[in-house]
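Read through the structure below, which is laid out as structure tokens, and then see the notes.
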2 protein chains.
Amino acid sequence: MSNSRFPISLHILTLLNEAKGAVVSSEYLAGSININPVLVRKEIMNLRKHGFVESKEGKGGGSFLAKSAKDINLGEVYQSVRSSNVLGQHKNEPNPKCPIGRQINQHLDSLYSNAENALIANLSKQTLADFASAFE
Amino acid sequence: MSNSRFPISLHILTLLNEAKGAVVSSEYLAGSININPVLVRKEIMNLRKHGFVESKEGKGGGSFLAKSAKDINLGEVYQSVRSSNVLGQHKNEPNPKCPIGRQINQHLDSLYSNAENALIANLSKQTLADFASAFE
DNA sequence: ATAACTGTAATAAAAAACATTACAATTTTA
DNA sequence: TAAAATTGTAATGTTTTTTATTACAGTTAT
């Protein structure tokens, strides 16, 4: 994860929720998040692939939520953008000649996976609807 | 967190635990982790600051655990290297003119802090001794 | 005294993240 | 049907972050 994919995705989803079904352009979304529209479109591609949003091409096009905000839980959103461990990018190549180095990755992996499950379980307690309802 | 600080620190601690009190040089640690010794010394500086290890300067110097491995819990280790949110680096500067953008950071922060507490609680179930005991 | 370390700063290189540009394809609407 | 607005996507460039390297003063053991 580029580590800002989660906040970007959640920001997009929150804006789409606010739009109540109206299509929203990537330009507009990018303006609120304050990032480049192309990055937004890439994130939307991913959100679409995971069934959270749909898009409409052409003039007047844009994106909208593909399902009710109360059916989108934040744990799922997290998992949709997750691409590497939260606790350590595995570009980690310890020395195979060292008895510790040789084994550490497998132990780190199981540690990570437990810890990350706890994180996801926590996120899963909230839906997009819950998150969005905190906004005034 | 540079996102590999946690695995590096844990790797160092595991090696020091293995050494059973003998001092271990940064050169040796770097060799097992397969990174530069200066990075190891920086991590050790942090571990020392948090009371996990001690170091000895001069010839024959190096580092060793400052307390028993069963008194070092992994949640604390995580917190000692933590410097930014796991779920989003806050270089995030949304548009203050957008009603969502203006508020989102505060909501993300509380979401992050909850999720991260769950992560830390999970890590805190294990001590360095537990982690190290899994090695053969 | 010399050798083997740590501590630390400065600099350089590599990698990752992000922005920008460009343009074909699609759709609306005048 | 032509123009305008938009998505989809690739390619390239820029910036930022991470990591490595070099260098050397200070410390301690022998």
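Residues in the structure tokens are numbered from 1 in each chain, the chains being A, B, ... in the order shown, and ligands are numbered from 1 in the order shown.
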Distance table requested - chain D against region 13-21 of chain C, cut-off 8 Å, only C-alpha atoms (C1' of nucleotides): one row per qualifying residue with the closest atom pair and its distance in Å to one decimal, ordered by chain and rising residue number, as a tab-separated table.
residue	atom	partner	partner_atom	distance
D:DG13	C1'	C:DT20	C1'	7.6
D:DT14	C1'	C:DA19	C1'	7.3
D:DT15	C1'	C:DC18	C1'	7.7
D:DT16	C1'	C:DA17	C1'	7.5
D:DT17	C1'	C:DA16	C1'	7.4
D:DT18	C1'	C:DA15	C1'	7.4
D:DT19	C1'	C:DA14	C1'	7.5
D:DA20	C1'	C:DA13	C1'	7.3
Residues from the last selection, N, CA and C atoms (P, O5', C5', C4', C3', O3' and C1' of nucleotides), saved as a PDB file, in the first residue's frame:
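Result file is result.pdb:
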ATOM      1  P    DG D  13      10.857  12.185 -19.668  1.00  0.00           P
ATOM      2  O5'  DG D  13      10.419  13.122 -18.451  1.00  0.00           O
ATOM      3  C5'  DG D  13       9.395  14.108 -18.649  1.00  0.00           C
ATOM      4  C4'  DG D  13       9.068  14.701 -17.286  1.00  0.00           C
ATOM      5  C3'  DG D  13      10.321  15.068 -16.484  1.00  0.00           C
ATOM      6  O3'  DG D  13      10.053  16.358 -15.939  1.00  0.00           O
ATOM      7  C1'  DG D  13       8.961  13.590 -15.225  1.00  0.00           C
ATOM      8  P    DT D  14      11.204  17.143 -15.129  1.00  0.00           P
ATOM      9  O5'  DT D  14      10.631  17.130 -13.635  1.00  0.00           O
ATOM     10  C5'  DT D  14       9.278  17.485 -13.389  1.00  0.00           C
ATOM     11  C4'  DT D  14       8.995  17.221 -11.930  1.00  0.00           C
ATOM     12  C3'  DT D  14      10.133  17.646 -11.006  1.00  0.00           C
ATOM     13  O3'  DT D  14       9.543  18.586 -10.136  1.00  0.00           O
ATOM     14  C1'  DT D  14       9.403  15.440 -10.484  1.00  0.00           C
ATOM     15  P    DT D  15      10.314  19.288  -8.908  1.00  0.00           P
ATOM     16  O5'  DT D  15       9.850  18.408  -7.655  1.00  0.00           O
ATOM     17  C5'  DT D  15       8.480  18.049  -7.487  1.00  0.00           C
ATOM     18  C4'  DT D  15       8.405  17.085  -6.327  1.00  0.00           C
ATOM     19  C3'  DT D  15       9.321  17.476  -5.164  1.00  0.00           C
ATOM     20  O3'  DT D  15       8.443  17.564  -4.064  1.00  0.00           O
ATOM     21  C1'  DT D  15       9.593  15.185  -5.705  1.00  0.00           C
ATOM     22  P    DT D  16       8.936  17.902  -2.563  1.00  0.00           P
ATOM     23  O5'  DT D  16       8.937  16.452  -1.879  1.00  0.00           O
ATOM     24  C5'  DT D  16       7.812  15.588  -2.052  1.00  0.00           C
ATOM     25  C4'  DT D  16       8.165  14.248  -1.448  1.00  0.00           C
ATOM     26  C3'  DT D  16       8.888  14.381  -0.105  1.00  0.00           C
ATOM     27  O3'  DT D  16       8.114  13.608   0.777  1.00  0.00           O
ATOM     28  C1'  DT D  16      10.032  12.868  -1.535  1.00  0.00           C
ATOM     29  P    DT D  17       8.480  13.369   2.334  1.00  0.00           P
ATOM     30  O5'  DT D  17       9.089  11.895   2.293  1.00  0.00           O
ATOM     31  C5'  DT D  17       8.379  10.869   1.593  1.00  0.00           C
ATOM     32  C4'  DT D  17       9.217   9.617   1.617  1.00  0.00           C
ATOM     33  C3'  DT D  17       9.896   9.374   2.975  1.00  0.00           C
ATOM     34  O3'  DT D  17       9.513   8.058   3.324  1.00  0.00           O
ATOM     35  C1'  DT D  17      11.458   9.187   1.194  1.00  0.00           C
ATOM     36  P    DT D  18      10.013   7.300   4.661  1.00  0.00           P
ATOM     37  O5'  DT D  18      11.201   6.409   4.079  1.00  0.00           O
ATOM     38  C5'  DT D  18      10.931   5.505   3.020  1.00  0.00           C
ATOM     39  C4'  DT D  18      12.242   4.912   2.567  1.00  0.00           C
ATOM     40  C3'  DT D  18      13.072   4.322   3.702  1.00  0.00           C
ATOM     41  O3'  DT D  18      13.220   2.950   3.374  1.00  0.00           O
ATOM     42  C1'  DT D  18      14.415   5.636   2.242  1.00  0.00           C
ATOM     43  P    DT D  19      13.984   1.921   4.358  1.00  0.00           P
ATOM     44  O5'  DT D  19      15.456   1.987   3.765  1.00  0.00           O
ATOM     45  C5'  DT D  19      15.700   1.535   2.442  1.00  0.00           C
ATOM     46  C4'  DT D  19      17.125   1.864   2.083  1.00  0.00           C
ATOM     47  C3'  DT D  19      18.141   1.374   3.118  1.00  0.00           C
ATOM     48  O3'  DT D  19      18.883   0.337   2.489  1.00  0.00           O
ATOM     49  C1'  DT D  19      18.659   3.561   2.305  1.00  0.00           C
ATOM     50  P    DA D  20      20.218  -0.258   3.108  1.00  0.00           P
ATOM     51  O5'  DA D  20      21.293   0.683   2.402  1.00  0.00           O
ATOM     52  C5'  DA D  20      21.341   0.732   0.982  1.00  0.00           C
ATOM     53  C4'  DA D  20      22.578   1.482   0.553  1.00  0.00           C
ATOM     54  C3'  DA D  20      23.863   0.984   1.194  1.00  0.00           C
ATOM     55  O3'  DA D  20      24.797   0.845   0.135  1.00  0.00           O
ATOM     56  C1'  DA D  20      23.608   3.325   1.583  1.00  0.00           C
TER      57       DA D  20
END
- Message: Quick check: residues of chain C within 7 Å of chain A, only C-alpha atoms (C1' of nucleotides), returned as number ranges by chain.
- Response: C: 19, 26-28
Using only C-alpha atoms (C1' of nucleotides), I'd like a table of the residues in chain D that come within 7 Å of chain A; for each, show the closest atom pair and its distance in Å rounded to one decimal, ordered by chain and ascending number, as a tab-separated table.
residue	atom	partner	partner_atom	distance
D:DA5	C1'	A:Lys59	CA	4.2
D:DT6	C1'	A:Gly58	CA	4.5
D:DT7	C1'	A:Glu57	CA	4.8
Dump of N, CA and C atoms (P, O5', C5', C4', C3', O3' and C1' of nucleotides) for the selected residues, as an mmCIF file, in the first residue's frame:
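What landed in result_13.cif:
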data_model
loop_
_atom_site.group_PDB
_atom_site.id
_atom_site.type_symbol
_atom_site.label_atom_id
_atom_site.label_comp_id
_atom_site.auth_asym_id
_atom_site.auth_seq_id
_atom_site.Cartn_x
_atom_site.Cartn_y
_atom_site.Cartn_z
ATOM 1 P P DA D 5 -16.856 22.089 -22.038
ATOM 2 O "O5'" DA D 5 -17.067 20.682 -21.301
ATOM 3 C "C5'" DA D 5 -18.376 20.242 -20.992
ATOM 4 C "C4'" DA D 5 -18.288 18.819 -20.513
ATOM 5 C "C3'" DA D 5 -17.207 18.600 -19.447
ATOM 6 O "O3'" DA D 5 -17.773 17.804 -18.419
ATOM 7 C "C1'" DA D 5 -16.903 17.085 -21.222
ATOM 8 P P DT D 6 -17.254 17.842 -16.971
ATOM 9 O "O5'" DT D 6 -16.528 16.431 -16.822
ATOM 10 C "C5'" DT D 6 -17.311 15.268 -16.816
ATOM 11 C "C4'" DT D 6 -16.650 14.139 -17.555
ATOM 12 C "C3'" DT D 6 -15.379 13.570 -16.948
ATOM 13 O "O3'" DT D 6 -15.665 12.709 -15.861
ATOM 14 C "C1'" DT D 6 -15.561 13.297 -19.316
ATOM 15 P P DT D 7 -14.450 12.010 -15.061
ATOM 16 O "O5'" DT D 7 -14.279 10.603 -15.788
ATOM 17 C "C5'" DT D 7 -15.406 9.738 -15.921
ATOM 18 C "C4'" DT D 7 -15.035 8.590 -16.835
ATOM 19 C "C3'" DT D 7 -13.918 7.694 -16.286
ATOM 20 O "O3'" DT D 7 -14.247 6.336 -16.527
ATOM 21 C "C1'" DT D 7 -13.277 8.567 -18.375
#
Could you list the residues in chain A lying within 6 Å of chain B, using only C-alpha atoms, and format the result as a PDB file with C-alpha atoms, in the first residue's frame?
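As written to disk, part_13.pdb reads:
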ATOM      1  CA  ASN A   3       0.018   4.210   2.594  1.00  0.00           C
ATOM      2  CA  SER A   4      -2.207   6.985   1.467  1.00  0.00           C
ATOM      3  CA  SER A  32     -11.450  18.091  -2.480  1.00  0.00           C
ATOM      4  CA  ILE A  33      -8.659  15.637  -1.735  1.00  0.00           C
ATOM      5  CA  ASN A  34      -6.126  17.985  -3.252  1.00  0.00           C
ATOM      6  CA  GLY A  88       6.886  -4.045   7.148  1.00  0.00           C
ATOM      7  CA  PRO A  94      18.011 -11.141   5.455  1.00  0.00           C
ATOM      8  CA  ASN A  95      21.173 -13.162   5.244  1.00  0.00           C
ATOM      9  CA  CYS A  98      22.421 -16.529   9.557  1.00  0.00           C
ATOM     10  CA  GLY A 101      18.027 -14.201   9.357  1.00  0.00           C
ATOM     11  CA  ALA A 115      -1.762  -8.074  14.005  1.00  0.00           C
ATOM     12  CA  ALA A 118      -6.859  -7.355  14.598  1.00  0.00           C
ATOM     13  CA  LEU A 119      -6.627  -4.092  12.709  1.00  0.00           C
ATOM     14  CA  ASN A 122     -11.470  -3.159  14.273  1.00  0.00           C
TER      15      ASN A 122
END
Please return the superposed copy of chain B as an mmCIF file with C-alpha atoms, in the first residue's frame; the fit should be least squares onto chain A across all sequentially paired Cα atoms.
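For reference, superposed39.cif as written:
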data_model
loop_
_atom_site.group_PDB
_atom_site.id
_atom_site.type_symbol
_atom_site.label_atom_id
_atom_site.label_comp_id
_atom_site.auth_asym_id
_atom_site.auth_seq_id
_atom_site.Cartn_x
_atom_site.Cartn_y
_atom_site.Cartn_z
ATOM 1 C CA MET B 1 -0.038 0.002 0.051
ATOM 2 C CA SER B 2 1.341 3.385 -0.836
ATOM 3 C CA ASN B 3 0.032 4.202 2.595
ATOM 4 C CA SER B 4 -2.185 6.969 1.459
ATOM 5 C CA ARG B 5 -4.367 4.787 -0.669
ATOM 6 C CA PHE B 6 -6.647 4.062 2.264
ATOM 7 C CA PRO B 7 -7.345 7.689 3.165
ATOM 8 C CA ILE B 8 -7.741 8.580 -0.491
ATOM 9 C CA SER B 9 -10.228 5.790 -1.083
ATOM 10 C CA LEU B 10 -12.158 6.631 2.038
ATOM 11 C CA HIS B 11 -12.207 10.284 1.066
ATOM 12 C CA ILE B 12 -13.597 9.391 -2.350
ATOM 13 C CA LEU B 13 -16.252 7.131 -0.857
ATOM 14 C CA THR B 14 -17.274 9.782 1.642
ATOM 15 C CA LEU B 15 -17.702 12.344 -1.099
ATOM 16 C CA LEU B 16 -19.696 9.941 -3.230
ATOM 17 C CA ASN B 17 -21.890 9.153 -0.270
ATOM 18 C CA GLU B 18 -22.486 12.851 0.247
ATOM 19 C CA ALA B 19 -23.524 13.160 -3.401
ATOM 20 C CA LYS B 20 -26.425 10.789 -2.763
ATOM 21 C CA GLY B 21 -26.259 9.007 -6.070
ATOM 22 C CA ALA B 22 -25.373 11.954 -8.290
ATOM 23 C CA VAL B 23 -22.343 11.298 -10.454
ATOM 24 C CA VAL B 24 -19.196 13.088 -9.348
ATOM 25 C CA SER B 25 -16.272 13.809 -11.650
ATOM 26 C CA SER B 26 -12.697 12.835 -10.856
ATOM 27 C CA GLU B 27 -11.821 16.495 -11.239
ATOM 28 C CA TYR B 28 -14.133 17.429 -8.416
ATOM 29 C CA LEU B 29 -12.944 14.592 -6.180
ATOM 30 C CA ALA B 30 -9.333 15.517 -6.832
ATOM 31 C CA GLY B 31 -10.134 19.087 -5.885
ATOM 32 C CA SER B 32 -11.441 18.092 -2.475
ATOM 33 C CA ILE B 33 -8.652 15.649 -1.745
ATOM 34 C CA ASN B 34 -6.117 17.980 -3.255
ATOM 35 C CA ILE B 35 -4.354 15.455 -5.419
ATOM 36 C CA ASN B 36 -4.064 14.792 -9.113
ATOM 37 C CA PRO B 37 -7.204 13.618 -10.949
ATOM 38 C CA VAL B 38 -5.317 10.755 -12.572
ATOM 39 C CA LEU B 39 -4.547 9.322 -9.155
ATOM 40 C CA VAL B 40 -8.206 9.605 -8.272
ATOM 41 C CA ARG B 41 -9.174 7.747 -11.419
ATOM 42 C CA LYS B 42 -6.725 4.993 -10.546
ATOM 43 C CA GLU B 43 -8.164 4.643 -7.088
ATOM 44 C CA ILE B 44 -11.636 4.608 -8.534
ATOM 45 C CA MET B 45 -10.587 1.852 -10.890
ATOM 46 C CA ASN B 46 -9.710 -0.195 -7.831
ATOM 47 C CA LEU B 47 -12.871 0.712 -5.954
ATOM 48 C CA ARG B 48 -14.872 -0.251 -9.002
ATOM 49 C CA LYS B 49 -13.058 -3.563 -9.289
ATOM 50 C CA HIS B 50 -14.115 -4.276 -5.739
ATOM 51 C CA GLY B 51 -17.712 -3.355 -6.350
ATOM 52 C CA PHE B 52 -17.826 -0.230 -4.215
ATOM 53 C CA VAL B 53 -18.439 2.267 -6.981
ATOM 54 C CA GLU B 54 -19.566 2.500 -10.554
ATOM 55 C CA SER B 55 -18.587 5.010 -13.179
ATOM 56 C CA LYS B 56 -20.177 6.546 -16.166
ATOM 57 C CA GLU B 57 -18.054 7.614 -19.114
ATOM 58 C CA GLY B 58 -18.549 10.564 -21.401
ATOM 59 C CA LYS B 59 -19.840 14.050 -20.903
ATOM 60 C CA GLY B 60 -21.541 14.517 -17.561
ATOM 61 C CA GLY B 61 -19.908 11.283 -16.447
ATOM 62 C CA GLY B 62 -18.288 10.447 -13.151
ATOM 63 C CA SER B 63 -18.679 7.994 -10.321
ATOM 64 C CA PHE B 64 -21.247 7.037 -7.737
ATOM 65 C CA LEU B 65 -21.612 4.435 -5.008
ATOM 66 C CA ALA B 66 -22.485 0.992 -6.294
ATOM 67 C CA LYS B 67 -24.143 0.016 -3.041
ATOM 68 C CA SER B 68 -25.563 1.483 0.071
ATOM 69 C CA ALA B 69 -23.042 3.111 2.395
ATOM 70 C CA LYS B 70 -24.182 0.858 5.181
ATOM 71 C CA ASP B 71 -23.126 -2.133 3.128
ATOM 72 C CA ILE B 72 -19.570 -0.925 2.708
ATOM 73 C CA ASN B 73 -17.479 -1.762 5.700
ATOM 74 C CA LEU B 74 -14.159 -0.119 6.299
ATOM 75 C CA GLY B 75 -12.314 -3.375 6.783
ATOM 76 C CA GLU B 76 -13.214 -4.339 3.227
ATOM 77 C CA VAL B 77 -12.112 -0.966 1.959
ATOM 78 C CA TYR B 78 -8.817 -1.418 3.725
ATOM 79 C CA GLN B 79 -8.341 -4.837 2.205
ATOM 80 C CA SER B 80 -9.127 -3.546 -1.237
ATOM 81 C CA VAL B 81 -6.200 -1.138 -1.140
ATOM 82 C CA ARG B 82 -3.857 -3.312 0.858
ATOM 83 C CA SER B 83 -0.913 -4.485 -1.142
ATOM 84 C CA SER B 84 1.789 -5.052 1.424
ATOM 85 C CA ASN B 85 2.068 -5.586 5.130
ATOM 86 C CA VAL B 86 1.312 -2.652 7.380
ATOM 87 C CA LEU B 87 4.165 -3.515 9.645
ATOM 88 C CA GLY B 88 6.907 -4.065 7.141
ATOM 89 C CA GLN B 89 7.416 -3.806 3.440
ATOM 90 C CA HIS B 90 8.912 -7.117 2.412
ATOM 91 C CA LYS B 91 11.891 -5.950 0.489
ATOM 92 C CA ASN B 92 13.512 -7.403 3.510
ATOM 93 C CA GLU B 93 16.192 -9.902 2.439
ATOM 94 C CA PRO B 94 18.021 -11.134 5.501
ATOM 95 C CA ASN B 95 21.189 -13.157 5.292
ATOM 96 C CA PRO B 96 20.316 -16.808 4.661
ATOM 97 C CA LYS B 97 23.570 -17.879 6.292
ATOM 98 C CA CYS B 98 22.443 -16.514 9.636
ATOM 99 C CA PRO B 99 20.224 -18.921 11.593
ATOM 100 C CA ILE B 100 18.034 -16.041 12.716
ATOM 101 C CA GLY B 101 18.047 -14.198 9.407
ATOM 102 C CA ARG B 102 17.130 -17.382 7.590
ATOM 103 C CA GLN B 103 13.963 -17.883 9.617
ATOM 104 C CA ILE B 104 12.856 -14.431 10.573
ATOM 105 C CA ASN B 105 10.611 -13.687 7.626
ATOM 106 C CA GLN B 106 8.321 -16.586 8.289
ATOM 107 C CA HIS B 107 7.932 -15.510 11.899
ATOM 108 C CA LEU B 108 7.424 -11.890 10.973
ATOM 109 C CA ASP B 109 4.797 -12.938 8.484
ATOM 110 C CA SER B 110 2.748 -14.751 11.041
ATOM 111 C CA LEU B 111 3.120 -11.895 13.486
ATOM 112 C CA TYR B 112 2.011 -9.426 10.813
ATOM 113 C CA SER B 113 -0.890 -11.475 9.756
ATOM 114 C CA ASN B 114 -2.241 -11.744 13.281
ATOM 115 C CA ALA B 115 -1.765 -8.086 13.994
ATOM 116 C CA GLU B 116 -3.306 -7.089 10.727
ATOM 117 C CA ASN B 117 -6.321 -9.269 11.355
ATOM 118 C CA ALA B 118 -6.861 -7.383 14.582
ATOM 119 C CA LEU B 119 -6.635 -4.121 12.690
ATOM 120 C CA ILE B 120 -9.091 -5.273 10.059
ATOM 121 C CA ALA B 121 -11.494 -6.600 12.670
ATOM 122 C CA ASN B 122 -11.474 -3.184 14.257
ATOM 123 C CA LEU B 123 -12.057 -1.359 10.976
ATOM 124 C CA SER B 124 -14.822 -3.770 10.111
ATOM 125 C CA LYS B 125 -16.861 -2.512 13.020
ATOM 126 C CA GLN B 126 -17.622 0.597 11.029
ATOM 127 C CA THR B 127 -19.396 1.062 7.739
ATOM 128 C CA LEU B 128 -19.026 3.955 5.365
ATOM 129 C CA ALA B 129 -22.404 5.141 6.631
ATOM 130 C CA ASP B 130 -21.062 5.286 10.190
ATOM 131 C CA PHE B 131 -17.958 7.090 9.097
ATOM 132 C CA ALA B 132 -19.859 9.610 6.986
ATOM 133 C CA SER B 133 -22.444 10.278 9.666
ATOM 134 C CA ALA B 134 -19.787 11.909 11.803
ATOM 135 C CA PHE B 135 -19.498 14.783 9.325
ATOM 136 C CA GLU B 136 -21.592 17.840 9.969
#
- Task: Compile the contact shell of DA25 (chain D) as a ChimeraX atom specification: residues with an atom at most 12 Å away, counting only C-alpha atoms (C1' of nucleotides), same-chain residues fewer than 4 positions apart removed.
- Result: /C:6-9
- Identify all residues of region 13-127 of chain B in helix (DSSP H, G or I) (DSSP on the backbone) and supply them as a PyMOL selection string. chain B and resi 13-18+26-33+37-49+69-71+74-81+99-123
- C1' of DG8 (chain D) to C1' of DA30 (chain C), distance in Å rounded to a single decimal: 25.9 Å
- Message: Taking the DSSP secondary structure from the backbone, can you list the residues of chain B that are strand (DSSP E or B), as a PyMOL selection string?
- Response: chain B and resi 24+53-56+62-65+73+127
